[in-house]
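The structure appears right after this line, and notes come after that.
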Amino acid sequence: MRKPVSAANWKMHKTSGEASAFVEELRSKILDEPQVDIILCASSTVLFHIGTGPNESAIQFGAQNCHWENEGAFTGEVSPEMILDCGAQWVIVGHSERRHLFGETDEDVARKFSAAVSAGLRPILCIGETLDERQSGSTSEVIKRQLSAVISQTEEEAFDQAVIAYEPVWAIGTGITADTSQIEEAHQIIRDFIMNKDEKLATEIRILYGGSVKPGNAAELIGIEGVDGFLVGGASLSVDSFMEITQGISDHYDKG
Ligand code: PGA
C-alpha cells in the first residue's frame, strides 16, 4: 500500500522563530510513528533552524525550490547540496508559482528534478493546468507535457524517490477546489502516463492533490480514487488546521 503524505507548503511565510514554534507544537501532537509521511516545506532561510533539530523520522523537511547546479555564479540561488546540508530530505520543484510568477520552463523544472535526485534529495514534482488550459480542453496535454519534460531528462528510477503533486493552478490559494471527477481524472492521466513507462512505478508512486485543501474538505478529498495525500498551502500555516488535515488522511487509511 502507498503510504499517504501530508505535505505543507509554507510559501514565503514564517521566520525561524515562528517555524521552530510550529515544529515544536506539531511534534508534541503527533505519534512517534505516524501512518502518514509528514513533510514541512519551508523557506531556505528557516530550514537550517528546523531541519537540524532532534533526529527523528516523524517530521520530514523540504525546501520549496532549488537550482540545478550545486555551486557557481548564480547569485541568489540555493543548491540541492545546500538544502541537504540544512537537514532537509525533500524539495518542491515546478510549483505553479515558480512556473508562472518566475518564468520557470518545463526544461528548468526537469533540470531541477534531476539535480535534486542526483544530490540525494527527494523531489515533490508539481504539475497542473491553468484555467485557460482547462477551459480550452488541454488539461491532459499539459499534464503529459510537464511529465514528459521531466521523464525525458531523468532515468525512470529517479522517480522512485519522487512524489507528484497535481495542483490545478486555478485552485491554488483561491478557495476553489477541483471537483471529484476532475481530480480523479487528472490523477488517472498521471498514473496511466507513468504506467506506459513503468508499471511498477505507476502502482507505487504517490500522487498528491493540492489546491485549497482545508480541514473542512480534506476527508472528502482523500476519499477520491488515486489521491495519496495533499500538498497544503494556506491551511498548513496553523498547526491546528494542518494537524486536522493530517488526521483526516490518517483516519481514512485506518478505516481501510
Ligand atoms: P493552497 O496552496 O492550499 O493555499 O491552495 C497549495 C499550494 O500552493 O501548494
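Chain identifiers are assigned as A, B, and so on, following the order in which chains appear in the C-alpha cells; residues are numbered from 1 within each chain, and ligands are numbered from 1 in order of appearance.
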Fewer than 2 positions away in the same chain doesn't count, so skip those; otherwise give me all residues within 10 Å of segment 20-35 of chain A, counting only C-alpha atoms, as a ChimeraX atom specification.
/A:3-5,14-18,37-38,40,46-47,49-51,53,56-59,237-240,242-243,246-247,249-251,253-254
I'd like the contact shell of His187 of chain A - 10 Å cut-off, only C-alpha atoms, skipping same-chain residues fewer than 5 positions apart - returned as a list in words.
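Within the cut-off, the hits are Ile143, Ile164, Ala165, Tyr166, Ser181, Gln182, Asp192, Phe193, Ile207, Leu208, Tyr209, Ile224, Glu225, Gly226, Val227 and Asp228 of chain A.
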Compute the set of protein, DNA and RNA residues whose minimum atom distance to ligand 1 is at most 10 Å, using only C-alpha atoms and all ligand atoms, and state it as an mmCIF file with C-alpha atoms, in the first residue's frame.
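Generated output (result.cif):
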```
data_model
loop_
_atom_site.group_PDB
_atom_site.id
_atom_site.type_symbol
_atom_site.label_atom_id
_atom_site.label_comp_id
_atom_site.auth_asym_id
_atom_site.auth_seq_id
_atom_site.Cartn_x
_atom_site.Cartn_y
_atom_site.Cartn_z
ATOM 1 C CA ALA A 7 2.947 17.975 2.954
ATOM 2 C CA ALA A 8 2.911 21.628 3.987
ATOM 3 C CA ASN A 9 3.997 24.351 1.591
ATOM 4 C CA TRP A 10 4.523 27.401 3.763
ATOM 5 C CA LYS A 11 5.482 29.529 0.747
ATOM 6 C CA CYS A 41 8.415 22.626 3.095
ATOM 7 C CA GLN A 64 10.385 24.956 -1.951
ATOM 8 C CA ILE A 92 9.375 21.047 -4.236
ATOM 9 C CA HIS A 95 5.380 24.738 -8.192
ATOM 10 C CA SER A 96 2.970 26.783 -10.295
ATOM 11 C CA GLU A 97 4.086 29.996 -8.591
ATOM 12 C CA CYS A 126 4.170 19.880 -9.068
ATOM 13 C CA ALA A 165 1.526 16.773 -6.758
ATOM 14 C CA TYR A 166 -1.365 17.526 -9.093
ATOM 15 C CA GLU A 167 -2.172 21.166 -8.445
ATOM 16 C CA PRO A 168 -4.602 22.837 -10.845
ATOM 17 C CA VAL A 169 -3.350 26.426 -10.943
ATOM 18 C CA TRP A 170 -6.879 27.852 -10.686
ATOM 19 C CA ALA A 171 -7.428 26.034 -7.374
ATOM 20 C CA ILE A 172 -4.277 27.282 -5.630
ATOM 21 C CA GLY A 173 -4.967 29.869 -2.960
ATOM 22 C CA THR A 174 -8.371 30.654 -4.476
ATOM 23 C CA GLY A 175 -10.658 28.760 -2.123
ATOM 24 C CA ILE A 176 -11.913 26.800 -5.143
ATOM 25 C CA THR A 177 -11.142 23.086 -5.108
ATOM 26 C CA TYR A 209 -3.678 16.745 -4.700
ATOM 27 C CA GLY A 210 -3.069 20.421 -3.945
ATOM 28 C CA GLY A 211 -5.306 23.460 -4.260
ATOM 29 C CA SER A 212 -7.366 24.945 -1.420
ATOM 30 C CA VAL A 213 -7.227 21.831 0.774
ATOM 31 C CA LYS A 214 -8.692 22.698 4.183
ATOM 32 C CA PHE A 230 -2.083 16.520 -0.103
ATOM 33 C CA LEU A 231 0.240 19.431 -0.664
ATOM 34 C CA VAL A 232 -1.307 22.114 1.530
ATOM 35 C CA GLY A 233 -0.579 25.832 1.267
ATOM 36 C CA GLY A 234 -2.651 28.323 3.261
ATOM 37 C CA ALA A 235 -4.152 25.765 5.631
ATOM 38 C CA SER A 236 -0.699 24.475 6.592
ATOM 39 C CA LEU A 237 0.266 27.725 8.290
#
```
All helix (DSSP H, G or I) positions in segment 7-242 of chain A, as a PyMOL selection string
chain A and resi 16-29+44-51+80-85+96-101+106-119+131-135+139-153+156-161+169-171+180-195+199-204+215-222+234-236+239-242
What lies within 7 Å of segment 145-151 of chain A using only C-alpha atoms, ignoring chain neighbours under 3 positions off, as a list in words?
Asp106, Glu107, Ala110, Ile127, Glu141, Val142, Thr154, Glu155 and Glu156 of chain A
What's the 12 Å shell around segment 70-75 of chain A, counting only C-alpha atoms, without same-chain residues fewer than 4 positions away, as an mmCIF file with N, CA, C and O atoms, in the first residue's frame?
```
data_model
loop_
_atom_site.group_PDB
_atom_site.id
_atom_site.type_symbol
_atom_site.label_atom_id
_atom_site.label_comp_id
_atom_site.auth_asym_id
_atom_site.auth_seq_id
_atom_site.Cartn_x
_atom_site.Cartn_y
_atom_site.Cartn_z
ATOM 1 N N CYS A 66 14.953 24.773 -5.819
ATOM 2 C CA CYS A 66 16.416 24.654 -5.788
ATOM 3 C C CYS A 66 16.953 25.019 -7.164
ATOM 4 O O CYS A 66 16.202 25.078 -8.135
ATOM 5 N N SER A 79 21.404 25.680 -3.764
ATOM 6 C CA SER A 79 21.633 24.429 -4.485
ATOM 7 C C SER A 79 21.071 23.228 -3.720
ATOM 8 O O SER A 79 20.864 23.293 -2.505
ATOM 9 N N PRO A 80 20.870 22.123 -4.435
ATOM 10 C CA PRO A 80 20.403 20.907 -3.759
ATOM 11 C C PRO A 80 21.317 20.507 -2.594
ATOM 12 O O PRO A 80 20.825 20.119 -1.525
ATOM 13 N N GLU A 81 22.630 20.628 -2.785
ATOM 14 C CA GLU A 81 23.545 20.246 -1.692
ATOM 15 C C GLU A 81 23.366 21.136 -0.468
ATOM 16 O O GLU A 81 23.492 20.690 0.674
ATOM 17 N N MET A 82 23.103 22.413 -0.708
ATOM 18 C CA MET A 82 22.897 23.344 0.421
ATOM 19 C C MET A 82 21.627 22.981 1.190
ATOM 20 O O MET A 82 21.561 23.106 2.410
ATOM 21 N N ILE A 83 20.633 22.536 0.444
ATOM 22 C CA ILE A 83 19.365 22.145 1.088
ATOM 23 C C ILE A 83 19.578 20.895 1.931
ATOM 24 O O ILE A 83 19.135 20.811 3.085
ATOM 25 N N LEU A 84 20.306 19.940 1.363
ATOM 26 C CA LEU A 84 20.628 18.722 2.126
ATOM 27 C C LEU A 84 21.393 19.071 3.396
ATOM 28 O O LEU A 84 21.167 18.500 4.465
ATOM 29 N N ASP A 85 22.303 20.023 3.248
ATOM 30 C CA ASP A 85 23.142 20.459 4.356
ATOM 31 C C ASP A 85 22.303 21.030 5.512
ATOM 32 O O ASP A 85 22.740 21.078 6.653
ATOM 33 N N ARG A 111 15.472 20.000 -15.120
ATOM 34 C CA ARG A 111 16.873 20.078 -14.655
ATOM 35 C C ARG A 111 16.928 20.088 -13.135
ATOM 36 O O ARG A 111 17.800 19.496 -12.504
ATOM 37 N N LYS A 112 15.999 20.799 -12.529
ATOM 38 C CA LYS A 112 15.956 20.860 -11.064
ATOM 39 C C LYS A 112 15.638 19.484 -10.480
ATOM 40 O O LYS A 112 16.238 19.058 -9.495
ATOM 41 N N SER A 114 16.170 16.573 -11.787
ATOM 42 C CA SER A 114 17.299 15.683 -11.980
ATOM 43 C C SER A 114 18.450 16.018 -11.010
ATOM 44 O O SER A 114 19.051 15.129 -10.400
ATOM 45 N N ALA A 115 18.725 17.313 -10.835
ATOM 46 C CA ALA A 115 19.799 17.721 -9.911
ATOM 47 C C ALA A 115 19.449 17.351 -8.477
ATOM 48 O O ALA A 115 20.318 16.924 -7.701
ATOM 49 N N ALA A 116 18.186 17.498 -8.124
ATOM 50 C CA ALA A 116 17.769 17.177 -6.761
ATOM 51 C C ALA A 116 18.010 15.699 -6.481
ATOM 52 O O ALA A 116 18.616 15.331 -5.464
ATOM 53 N N VAL A 117 17.562 14.848 -7.407
ATOM 54 C CA VAL A 117 17.726 13.405 -7.192
ATOM 55 C C VAL A 117 19.212 13.043 -7.152
ATOM 56 O O VAL A 117 19.653 12.270 -6.286
ATOM 57 N N SER A 118 20.004 13.625 -8.047
ATOM 58 C CA SER A 118 21.445 13.306 -8.054
ATOM 59 C C SER A 118 22.100 13.685 -6.736
ATOM 60 O O SER A 118 23.023 13.023 -6.283
ATOM 61 N N ALA A 119 21.627 14.758 -6.125
ATOM 62 C CA ALA A 119 22.234 15.199 -4.858
ATOM 63 C C ALA A 119 21.723 14.380 -3.670
ATOM 64 O O ALA A 119 22.257 14.481 -2.574
ATOM 65 N N GLY A 120 20.674 13.598 -3.886
ATOM 66 C CA GLY A 120 20.139 12.795 -2.778
ATOM 67 C C GLY A 120 18.896 13.392 -2.138
ATOM 68 O O GLY A 120 18.469 12.958 -1.064
#
```
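Atom CA of Ile189 of chain A to atom CA of Ala42 of chain A spans 29.4 Å [interatomic distance, one decimal].
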Return the single residue from A:Thr105, A:Ser138, A:Gln60, A:Ser152 that is closest to Leu121 of chain A, with distances computed using only C-alpha atoms.
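Checking each of A:Thr105, A:Ser138, A:Gln60, A:Ser152 against Leu121 of chain A, counting only C-alpha atoms, the winner is A:Gln60.
Coordinates place atom CA of Ser44 of chain A at a distance of 23.7 Å from atom CA of Phe159 of chain A.
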Could you give me, as number ranges by chain, each residue of segment 75-250 of chain A that DSSP assigns to strand (DSSP E or B) when run on this structure's backbone?
A: 90-93, 122-127, 163-166, 206-210, 229-232
Written file, previous selection with N, CA, C and O atoms, as a PDB file, in the first residue's frame:
```pdb
ATOM      1  N   TRP A  90      13.676  16.714   1.256  1.00  0.00           N
ATOM      2  CA  TRP A  90      12.765  16.910   0.133  1.00  0.00           C
ATOM      3  C   TRP A  90      12.957  18.290  -0.496  1.00  0.00           C
ATOM      4  O   TRP A  90      13.453  19.211   0.156  1.00  0.00           O
ATOM      5  N   VAL A  91      12.482  18.433  -1.736  1.00  0.00           N
ATOM      6  CA  VAL A  91      12.408  19.773  -2.345  1.00  0.00           C
ATOM      7  C   VAL A  91      11.233  19.791  -3.324  1.00  0.00           C
ATOM      8  O   VAL A  91      11.025  18.836  -4.074  1.00  0.00           O
ATOM      9  N   ILE A  92      10.456  20.870  -3.255  1.00  0.00           N
ATOM     10  CA  ILE A  92       9.375  21.047  -4.236  1.00  0.00           C
ATOM     11  C   ILE A  92      10.008  21.549  -5.532  1.00  0.00           C
ATOM     12  O   ILE A  92      10.829  22.476  -5.502  1.00  0.00           O
ATOM     13  N   VAL A  93       9.657  20.948  -6.646  1.00  0.00           N
ATOM     14  CA  VAL A  93      10.103  21.510  -7.936  1.00  0.00           C
ATOM     15  C   VAL A  93       8.887  21.727  -8.840  1.00  0.00           C
ATOM     16  O   VAL A  93       7.952  20.941  -8.844  1.00  0.00           O
ATOM     17  N   ARG A 122      14.730  14.240  -2.347  1.00  0.00           N
ATOM     18  CA  ARG A 122      13.532  13.645  -2.945  1.00  0.00           C
ATOM     19  C   ARG A 122      12.628  14.765  -3.474  1.00  0.00           C
ATOM     20  O   ARG A 122      12.193  15.624  -2.709  1.00  0.00           O
ATOM     21  N   PRO A 123      12.330  14.781  -4.764  1.00  0.00           N
ATOM     22  CA  PRO A 123      11.510  15.868  -5.303  1.00  0.00           C
ATOM     23  C   PRO A 123      10.006  15.665  -5.107  1.00  0.00           C
ATOM     24  O   PRO A 123       9.506  14.545  -5.188  1.00  0.00           O
ATOM     25  N   ILE A 124       9.321  16.765  -4.861  1.00  0.00           N
ATOM     26  CA  ILE A 124       7.854  16.796  -4.940  1.00  0.00           C
ATOM     27  C   ILE A 124       7.580  17.574  -6.214  1.00  0.00           C
ATOM     28  O   ILE A 124       7.753  18.798  -6.261  1.00  0.00           O
ATOM     29  N   LEU A 125       7.253  16.870  -7.271  1.00  0.00           N
ATOM     30  CA  LEU A 125       7.093  17.495  -8.591  1.00  0.00           C
ATOM     31  C   LEU A 125       5.659  17.985  -8.755  1.00  0.00           C
ATOM     32  O   LEU A 125       4.719  17.197  -8.724  1.00  0.00           O
ATOM     33  N   CYS A 126       5.513  19.308  -8.908  1.00  0.00           N
ATOM     34  CA  CYS A 126       4.170  19.880  -9.068  1.00  0.00           C
ATOM     35  C   CYS A 126       3.838  20.052 -10.553  1.00  0.00           C
ATOM     36  O   CYS A 126       4.652  20.578 -11.313  1.00  0.00           O
ATOM     37  N   ILE A 127       2.661  19.614 -10.908  1.00  0.00           N
ATOM     38  CA  ILE A 127       2.169  19.805 -12.274  1.00  0.00           C
ATOM     39  C   ILE A 127       0.694  20.204 -12.204  1.00  0.00           C
ATOM     40  O   ILE A 127       0.041  19.962 -11.192  1.00  0.00           O
ATOM     41  N   VAL A 163       7.611  12.257  -5.399  1.00  0.00           N
ATOM     42  CA  VAL A 163       6.169  12.313  -5.195  1.00  0.00           C
ATOM     43  C   VAL A 163       5.682  13.309  -6.248  1.00  0.00           C
ATOM     44  O   VAL A 163       6.376  14.279  -6.562  1.00  0.00           O
ATOM     45  N   ILE A 164       4.501  13.068  -6.814  1.00  0.00           N
ATOM     46  CA  ILE A 164       3.941  14.029  -7.772  1.00  0.00           C
ATOM     47  C   ILE A 164       2.772  14.735  -7.095  1.00  0.00           C
ATOM     48  O   ILE A 164       1.992  14.107  -6.373  1.00  0.00           O
ATOM     49  N   ALA A 165       2.677  16.041  -7.291  1.00  0.00           N
ATOM     50  CA  ALA A 165       1.526  16.773  -6.758  1.00  0.00           C
ATOM     51  C   ALA A 165       0.754  17.357  -7.933  1.00  0.00           C
ATOM     52  O   ALA A 165       1.298  18.169  -8.699  1.00  0.00           O
ATOM     53  N   TYR A 166      -0.497  16.920  -8.080  1.00  0.00           N
ATOM     54  CA  TYR A 166      -1.365  17.526  -9.093  1.00  0.00           C
ATOM     55  C   TYR A 166      -2.017  18.752  -8.462  1.00  0.00           C
ATOM     56  O   TYR A 166      -2.775  18.634  -7.508  1.00  0.00           O
ATOM     57  N   ARG A 206       3.402   8.005  -5.318  1.00  0.00           N
ATOM     58  CA  ARG A 206       2.321   8.704  -4.620  1.00  0.00           C
ATOM     59  C   ARG A 206       1.972   9.986  -5.374  1.00  0.00           C
ATOM     60  O   ARG A 206       2.846  10.759  -5.718  1.00  0.00           O
ATOM     61  N   ILE A 207       0.686  10.165  -5.605  1.00  0.00           N
ATOM     62  CA  ILE A 207       0.218  11.359  -6.316  1.00  0.00           C
ATOM     63  C   ILE A 207      -0.681  12.144  -5.365  1.00  0.00           C
ATOM     64  O   ILE A 207      -1.712  11.647  -4.906  1.00  0.00           O
ATOM     65  N   LEU A 208      -0.238  13.352  -5.065  1.00  0.00           N
ATOM     66  CA  LEU A 208      -0.968  14.197  -4.111  1.00  0.00           C
ATOM     67  C   LEU A 208      -1.886  15.151  -4.869  1.00  0.00           C
ATOM     68  O   LEU A 208      -1.652  15.455  -6.031  1.00  0.00           O
ATOM     69  N   TYR A 209      -2.867  15.663  -4.154  1.00  0.00           N
ATOM     70  CA  TYR A 209      -3.678  16.745  -4.700  1.00  0.00           C
ATOM     71  C   TYR A 209      -3.315  18.012  -3.931  1.00  0.00           C
ATOM     72  O   TYR A 209      -3.091  17.968  -2.704  1.00  0.00           O
ATOM     73  N   GLY A 210      -3.283  19.140  -4.617  1.00  0.00           N
ATOM     74  CA  GLY A 210      -3.069  20.421  -3.945  1.00  0.00           C
ATOM     75  C   GLY A 210      -3.945  21.480  -4.583  1.00  0.00           C
ATOM     76  O   GLY A 210      -4.158  21.486  -5.801  1.00  0.00           O
ATOM     77  N   GLY A 229      -2.683  11.758  -0.808  1.00  0.00           N
ATOM     78  CA  GLY A 229      -2.343  12.757   0.207  1.00  0.00           C
ATOM     79  C   GLY A 229      -2.437  14.141  -0.410  1.00  0.00           C
ATOM     80  O   GLY A 229      -2.944  14.307  -1.523  1.00  0.00           O
ATOM     81  N   PHE A 230      -1.913  15.128   0.326  1.00  0.00           N
ATOM     82  CA  PHE A 230      -2.083  16.520  -0.103  1.00  0.00           C
ATOM     83  C   PHE A 230      -0.793  17.322  -0.014  1.00  0.00           C
ATOM     84  O   PHE A 230       0.076  17.045   0.824  1.00  0.00           O
ATOM     85  N   LEU A 231      -0.733  18.359  -0.855  1.00  0.00           N
ATOM     86  CA  LEU A 231       0.240  19.431  -0.664  1.00  0.00           C
ATOM     87  C   LEU A 231      -0.610  20.645  -0.268  1.00  0.00           C
ATOM     88  O   LEU A 231      -1.448  21.100  -1.043  1.00  0.00           O
ATOM     89  N   VAL A 232      -0.409  21.112   0.946  1.00  0.00           N
ATOM     90  CA  VAL A 232      -1.307  22.114   1.530  1.00  0.00           C
ATOM     91  C   VAL A 232      -0.582  23.446   1.673  1.00  0.00           C
ATOM     92  O   VAL A 232       0.485  23.504   2.294  1.00  0.00           O
TER      93      VAL A 232
END
```
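Here the question is which of A:Thr203, A:Thr139, A:Gln188, A:Thr130 gets nearest to Asp160 of chain A using only C-alpha atoms, and that residue is A:Thr203.
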Proximity to Ala162 of chain A - best of A:Glu77, A:Ile205, A:Gly103, A:Arg134, only C-alpha atoms
A:Ile205
